[in-house]
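Peer 1: Questions regarding the structure given below will be posed in turn.
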Amino acid sequence: MSGIYDSLEIGKRALVAHQAALNTVGHNLANAATPGYTRQRAELSPVLVQGGVEVSGIRRIRDRYLDFSLMTESQTLGQYQAQEGLLQRLQSIFNDPTTTGLGAMVNQFFQGFQDVSANPTDQALRVALGDDGNQLAGTFQGLWSRVGQLKTDLGTEIQTRVNAANGLLGQIADLHRQLQASGGGPAPNDLLDRRDNLVDQLNQIIGVSATDRPDGTVQLAVKGSGVLLVDGVLTAPLTATTNVATDSVDLTAGSVAVTPQGGELAAVMTARNSPTGAIKQATTDLDSLARSIISEVNRVHANGAGLTGFSALTSVNAVSAPGAALTTAGLPFTPGSGSFTVIVHDATGATKSSVTVPVTAGVTTLNDIATALNGDPDLSASISGGRLTVAAGAGDTFAFTGDTSDTLMALGLNTFFAGSGARDMALNPAIAADANKIAAAQPDAAGLVHPGDGANALLMAGLATKLAMNGGTATFSDFFGTMIGGIGSEMRAASDAVTRQQAAVQVVQSLQQQTSGVSTDEELISLTQSQTAYAAAARFIGTTQNIIDELLNMVKF
C-alpha cells in the first residue's frame, strides 16, 4: 500500500509544481505591458528519491551581456542628448536676425563711420554713429550676459542631476537591503527588476559599470574610473562644488574626485568646465571679437580729433599704481614703446604749443606721462585714483595725434569705446556726452584740425574689411560668421549623433526584449501546457484514489 500512497504524493507534488507554473504565467501576462518587467519562468526538476516533480526556482529570463551592452549604449545616448539640448540653447542665444543681430550691428556701426567721413559736420550722422556704437556695445553685453546665464544654468543642472543620482543611489541601496534580507526565500525577481530599472536611470545621468555579486546585489562604479558609487548597501553620494579659482564645477563621489565619461553629466560638465567646451568657447570667441573691435577702433580714434577739442579729459582706465610701469599696471591693453603728441589750440583753433611724450615699454609709468605733459606750459596733468587728467589753460583746447605706442588706447584717452571685452564694452562717456568729440578728423602737419576733414572716420570705416581676426586672416564679420557656423555645425553633428545612437540603443533593446520581454503568444502556450499538466496530475490522483477504493472494497469482502 505504501507504493500507492507514494503515488498520491507524486500527484500532489505535480499539482503544486504546475500551480506555481500557472501562477508564473499569470504573473507574466499581468505584467506584459509593465515597463522594465522581465519575463519569469518556473524551473521544473524531478524529485530524485520520492519521484514526481518540483519547482526548483522562479528564474528571470535575462541576458546580462545584453544588459551591459545596453548600459553602454544608453549612457552614450544620454550624453549625446544632453549635448544636443545644450547646443540648441546656445544656438538660440546666437540666433542672428538679419536686421537686429550682432552681425547687422557690426556692419551698421562701421557704415556709420563711412557716413560721417563723407559729412563730418553733420550732427545727425554723429549722433546716429554714437547710437550705433552704444547699440553694438549693448548687443555684446547682452550676448555675454545670456551666455553667462547659460553657464549658471548649467551649474544648476549639474546640481539637479547630482541630487537625482543620489536619490537613485539611496533607492538602490535600500533594494539591496531587501534582497539580502530575503535570504533563502523565493527569488525576489520583482525586486531585481526594480533595481535594474533604477540602475538604468542612474546610468543615464552618470555612466556606470556594473558587477554582479553572489547575493544578488551589484557593485556600481563611475564608468572609466573604477570609483564605486554603490557596493551592496553602501553608497558614495555625489557632491558638486563650484571651484572659483578654475571656473569649474568639480564632482566627487564620497571624497574621491571623479570625471564622468558617459551620461548626461559628462556632456553638461564638459560644456561647463572645458576651455574648449561649447560655453567657454562661445564666451572666448565673443570676448575676442569685442576686444578686437574695441582695440582696433580705439587705436585709430585716439589719433584723431573731433569738431571741438578737449578743455579737460580724464582717462577711462586706471592703473594699479602710478609708479608702476604701464606694461605691468593692470591696464586692459598693454602699451609698447613709442610716443604720442598732444597739441594745444587757442580759442581760434590755431596751434599754440605741442608736446611729444616718449614711452618705453616696461619702464615708463603714469607719473612719467604726467611729468612730460606738465612740461608744456599750456597743459596741466594730474593723477587721482590711478587715472590721468589732462587740462588746457583757460580758453584753450587740446587734441592728440601720432600715438605709436598705444598708450592713449591703453589709458582710454580720446577713445571711442570704454571697456576691454564683451562683458564691459560701452560707449566712451566723453562721446556719449558730446557727439562732437567723435574723432573724424586728423590734425595736419601743422597741428591744425579742419572741420570738414573725415580722414580718420574713413580709416575707422575701413576697419570693417581689415583682416584683424585669427592672426590676420579674417575680418570681424568673417570671424562672427565662422563662430555662428561652428555652433550650427556642432548642433547638426550632435543631432546626427543622437539619431545614430538612438538606432544603436533600439537594436540592443530589441534583442533584450526578445530575450526578456513577455510574448503573450508564448505565455498562452505555456499556460495551456501547465493547465494540461495540472489536469493530468489531478486525473492521476483521481485514478490512484479509485485504485485505493477498489482495493479497500476487496478487503471488505
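To be explicit about the labels: the chains of the C-alpha cells are called A, B, and onward in the order shown, and within each one the residues are counted from 1, while ligands get numbers from 1 in the order they are shown.
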Could you give me the residues within segment 18-162 of chain A that DSSP places in helix (DSSP H, G or I), as a PyMOL selection string?

Peer 2: chain A and resi 18-30+64-93+102-118+123-162

Peer 1: Extract the full set of strand (DSSP E or B) residues from segment 33-135 of chain A according to DSSP on the backbone, and format it as an MDAnalysis selection string.

Peer 2: chainID A and resid 40:46 53:60

Peer 1: Quick one: write out the picked residues with N, CA, C and O atoms as a CSV table (one decimal), in the first residue's frame?

Peer 2:
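again-v8.csv written:
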chain,number,residue,atom,x,y,z
A,40,GLN,N,9.5,35.8,-16.4
A,40,GLN,CA,9.9,34.8,-15.5
A,40,GLN,C,9.5,33.4,-15.9
A,40,GLN,O,8.5,33.3,-16.7
A,41,ARG,N,10.2,32.4,-15.4
A,41,ARG,CA,9.9,31.0,-15.8
A,41,ARG,C,10.1,30.1,-14.6
A,41,ARG,O,11.1,30.2,-13.9
A,42,ALA,N,9.1,29.3,-14.3
A,42,ALA,CA,9.2,28.3,-13.2
A,42,ALA,C,10.1,27.2,-13.7
A,42,ALA,O,9.8,26.5,-14.7
A,43,GLU,N,11.2,26.9,-13.0
A,43,GLU,CA,12.1,25.9,-13.4
A,43,GLU,C,11.6,24.6,-12.7
A,43,GLU,O,11.6,24.5,-11.5
A,44,LEU,N,11.2,23.6,-13.5
A,44,LEU,CA,10.7,22.3,-13.0
A,44,LEU,C,11.9,21.3,-13.0
A,44,LEU,O,12.6,21.2,-14.0
A,45,SER,N,12.0,20.5,-12.0
A,45,SER,CA,13.0,19.5,-11.9
A,45,SER,C,12.4,18.2,-11.2
A,45,SER,O,11.5,18.3,-10.4
A,46,PRO,N,12.9,17.0,-11.6
A,46,PRO,CA,12.4,15.8,-11.0
A,46,PRO,C,12.8,15.6,-9.6
A,46,PRO,O,13.9,16.1,-9.2
A,53,VAL,N,7.7,15.8,-9.5
A,53,VAL,CA,8.3,17.0,-10.0
A,53,VAL,C,8.2,18.1,-8.9
A,53,VAL,O,7.2,18.0,-8.1
A,54,GLU,N,9.1,19.0,-8.9
A,54,GLU,CA,9.0,20.2,-8.0
A,54,GLU,C,9.6,21.4,-8.7
A,54,GLU,O,10.2,21.3,-9.8
A,55,VAL,N,9.3,22.6,-8.2
A,55,VAL,CA,9.8,23.8,-8.7
A,55,VAL,C,11.1,24.1,-8.0
A,55,VAL,O,11.1,24.4,-6.8
A,56,SER,N,12.2,24.1,-8.8
A,56,SER,CA,13.5,24.4,-8.2
A,56,SER,C,13.8,25.9,-8.1
A,56,SER,O,14.7,26.3,-7.4
A,57,GLY,N,13.0,26.7,-8.8
A,57,GLY,CA,13.1,28.1,-8.7
A,57,GLY,C,12.3,28.9,-9.7
A,57,GLY,O,11.9,28.3,-10.7
A,58,ILE,N,12.1,30.2,-9.5
A,58,ILE,CA,11.5,31.0,-10.5
A,58,ILE,C,12.6,31.9,-11.0
A,58,ILE,O,13.1,32.8,-10.3
A,59,ARG,N,12.9,31.7,-12.3
A,59,ARG,CA,14.1,32.4,-12.9
A,59,ARG,C,13.7,33.5,-13.8
A,59,ARG,O,12.7,33.4,-14.6
A,60,ARG,N,14.4,34.6,-13.6
A,60,ARG,CA,14.2,35.7,-14.6
A,60,ARG,C,15.0,35.4,-15.9
A,60,ARG,O,16.1,34.9,-15.9

Peer 1: Which residues of segment 211-322 of chain A come within 9 Å of segment 356-367 of chain A, and what is each one's closest atom pair and distance in Å (one decimal), counting only C-alpha atoms, sorted by chain and residue number, as a Markdown table?

Peer 2:
| residue | atom | partner | partner_atom | distance |
| --- | --- | --- | --- | --- |
| A:Val319 | CA | A:Leu366 | CA | 7.7 |
| A:Ala321 | CA | A:Leu366 | CA | 8.2 |
| A:Pro322 | CA | A:Leu366 | CA | 5.0 |

Peer 1: Given the selection you just returned, output its residues as a file containing C-alpha atoms, formatted as a compact mmCIF listing (two decimals), in the first residue's frame.

Peer 2:
# COMPACT_ATOMS: atom_id res chain seq x y z
CA VAL A 319 46.48 101.99 -13.33
CA ALA A 321 49.91 102.19 -9.12
CA PRO A 322 51.08 105.48 -10.72

Peer 1: Using only C-alpha atoms, can you tell me which of A:Pro275, A:Ile158, A:Thr371, A:Gly3 comes closest to Thr241 of chain A?

Peer 2: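 Answer, going by the shortest atom-to-atom distance: A:Ile158.
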
Peer 1: Report as a PyMOL selection string all protein, DNA and RNA residues lying within 12 Å of Val390 of chain A, evaluated on only C-alpha atoms, omitting residues in the same chain fewer than 2 positions from it.

Peer 2: chain A and resi 310-315+342-344+369-374+376+378-384+387-388+392-393+397-400+413-414

Peer 1: Rank nothing, just name the residue among A:Ile525, A:Ala267, A:Ala82, A:Leu286 nearest to Thr482 of chain A, using only C-alpha atoms.

Peer 2: A:Leu286

Peer 1: At what distance in Å, to one decimal, does atom CA of Ala440 of chain A lie from atom CA of Asp453 of chain A?

Peer 2: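 Atom-to-atom, atom CA of Asp453 of chain A to atom CA of Ala440 of chain A, that is 6.9 Å.
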
Peer 1: Listing only residues of segment 263-375 of chain A within 9 Å of segment 405-408 of chain A, what is the closest atom pair and its distance in Å (to one decimal) for each, using only C-alpha atoms, sorted by chain and residue number ascending, as CSV?

Peer 2:
residue,atom,partner,partner_atom,distance
A:Asn298,CA,A:Leu408,CA,8.5
A:Arg299,CA,A:Asp406,CA,6.6
A:Ala302,CA,A:Leu408,CA,6.2
A:Asn303,CA,A:Leu408,CA,8.4
A:Ser315,CA,A:Leu408,CA,8.5
A:Leu326,CA,A:Thr407,CA,8.4
A:Phe333,CA,A:Asp406,CA,8.3
A:Thr334,CA,A:Asp406,CA,7.6
A:Pro335,CA,A:Asp406,CA,4.9
A:Gly336,CA,A:Ser405,CA,4.9
A:Ser337,CA,A:Ser405,CA,5.1
A:Gly338,CA,A:Ser405,CA,4.3
A:Ser339,CA,A:Ser405,CA,5.6
A:Phe340,CA,A:Ser405,CA,7.1
A:Pro358,CA,A:Ser405,CA,8.7
A:Val359,CA,A:Ser405,CA,6.8
A:Thr360,CA,A:Ser405,CA,8.4
A:Ala361,CA,A:Ser405,CA,8.5

Peer 1: Taking 3 positions as the minimum chain separation for residues in the same chain, which residues sit within 9 Å of Val300 of chain A when counting only C-alpha atoms? Answer as a PyMOL selection string.

Peer 2: chain A and resi 295-297+303-304+409+415+439+456-457+459-460

Peer 1: Using only C-alpha atoms, pick whichever of A:Ser477, A:Ser225, A:Thr156, A:Gln83 has the shortest atom-to-atom distance to Leu102 of chain A.

Peer 2: A:Ser477

Peer 1: I'd like the neighbourhood of Ala445 of chain A as an MDAnalysis selection string, where a residue qualifies if any of its atoms comes within 12 Å (using only C-alpha atoms), though same-chain residues fewer than 5 positions away should be ignored.

Peer 2: chainID A and resid 341 343 351 354 401:402 450

Peer 1: Counting only C-alpha atoms, what is within 7 Å of segment 147-149 of chain A, bar same-chain residues fewer than 4 positions away, as a PDB file with C-alpha atoms, in the first residue's frame?

Peer 2:
ATOM      1  CA  LEU A 143      25.030  88.147 -25.539  1.00  0.00           C
ATOM      2  CA  ASP A 153      22.057  77.317 -15.545  1.00  0.00           C
ATOM      3  CA  ILE A 279      30.019  77.521 -23.407  1.00  0.00           C
ATOM      4  CA  THR A 283      32.449  83.162 -24.369  1.00  0.00           C
TER       5      THR A 283
END

Peer 1: For atom CA of Ser145 of chain A and atom CA of Asp424 of chain A, quote the distance in Å rounded to one decimal.

Peer 2: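 Value for the atom CA of Ser145 of chain A-atom CA of Asp424 of chain A distance: 10.3 Å.
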
Peer 1: With a distance cut-off of 10 Å and only C-alpha atoms, select the neighbouring residues of Gln171 of chain A, excluding the residue or stretch itself and same-chain residues fewer than 2 positions from it, and output the selection as a ChimeraX atom specification.

Peer 2: /A:165-169,173-177,194-195,198-199,233

Peer 1: As an exercise, work out the distance from atom CA of Gly170 of chain A to atom CA of Leu229 of chain A in Å and give it to one decimal place.

Peer 2: 10.3 Å
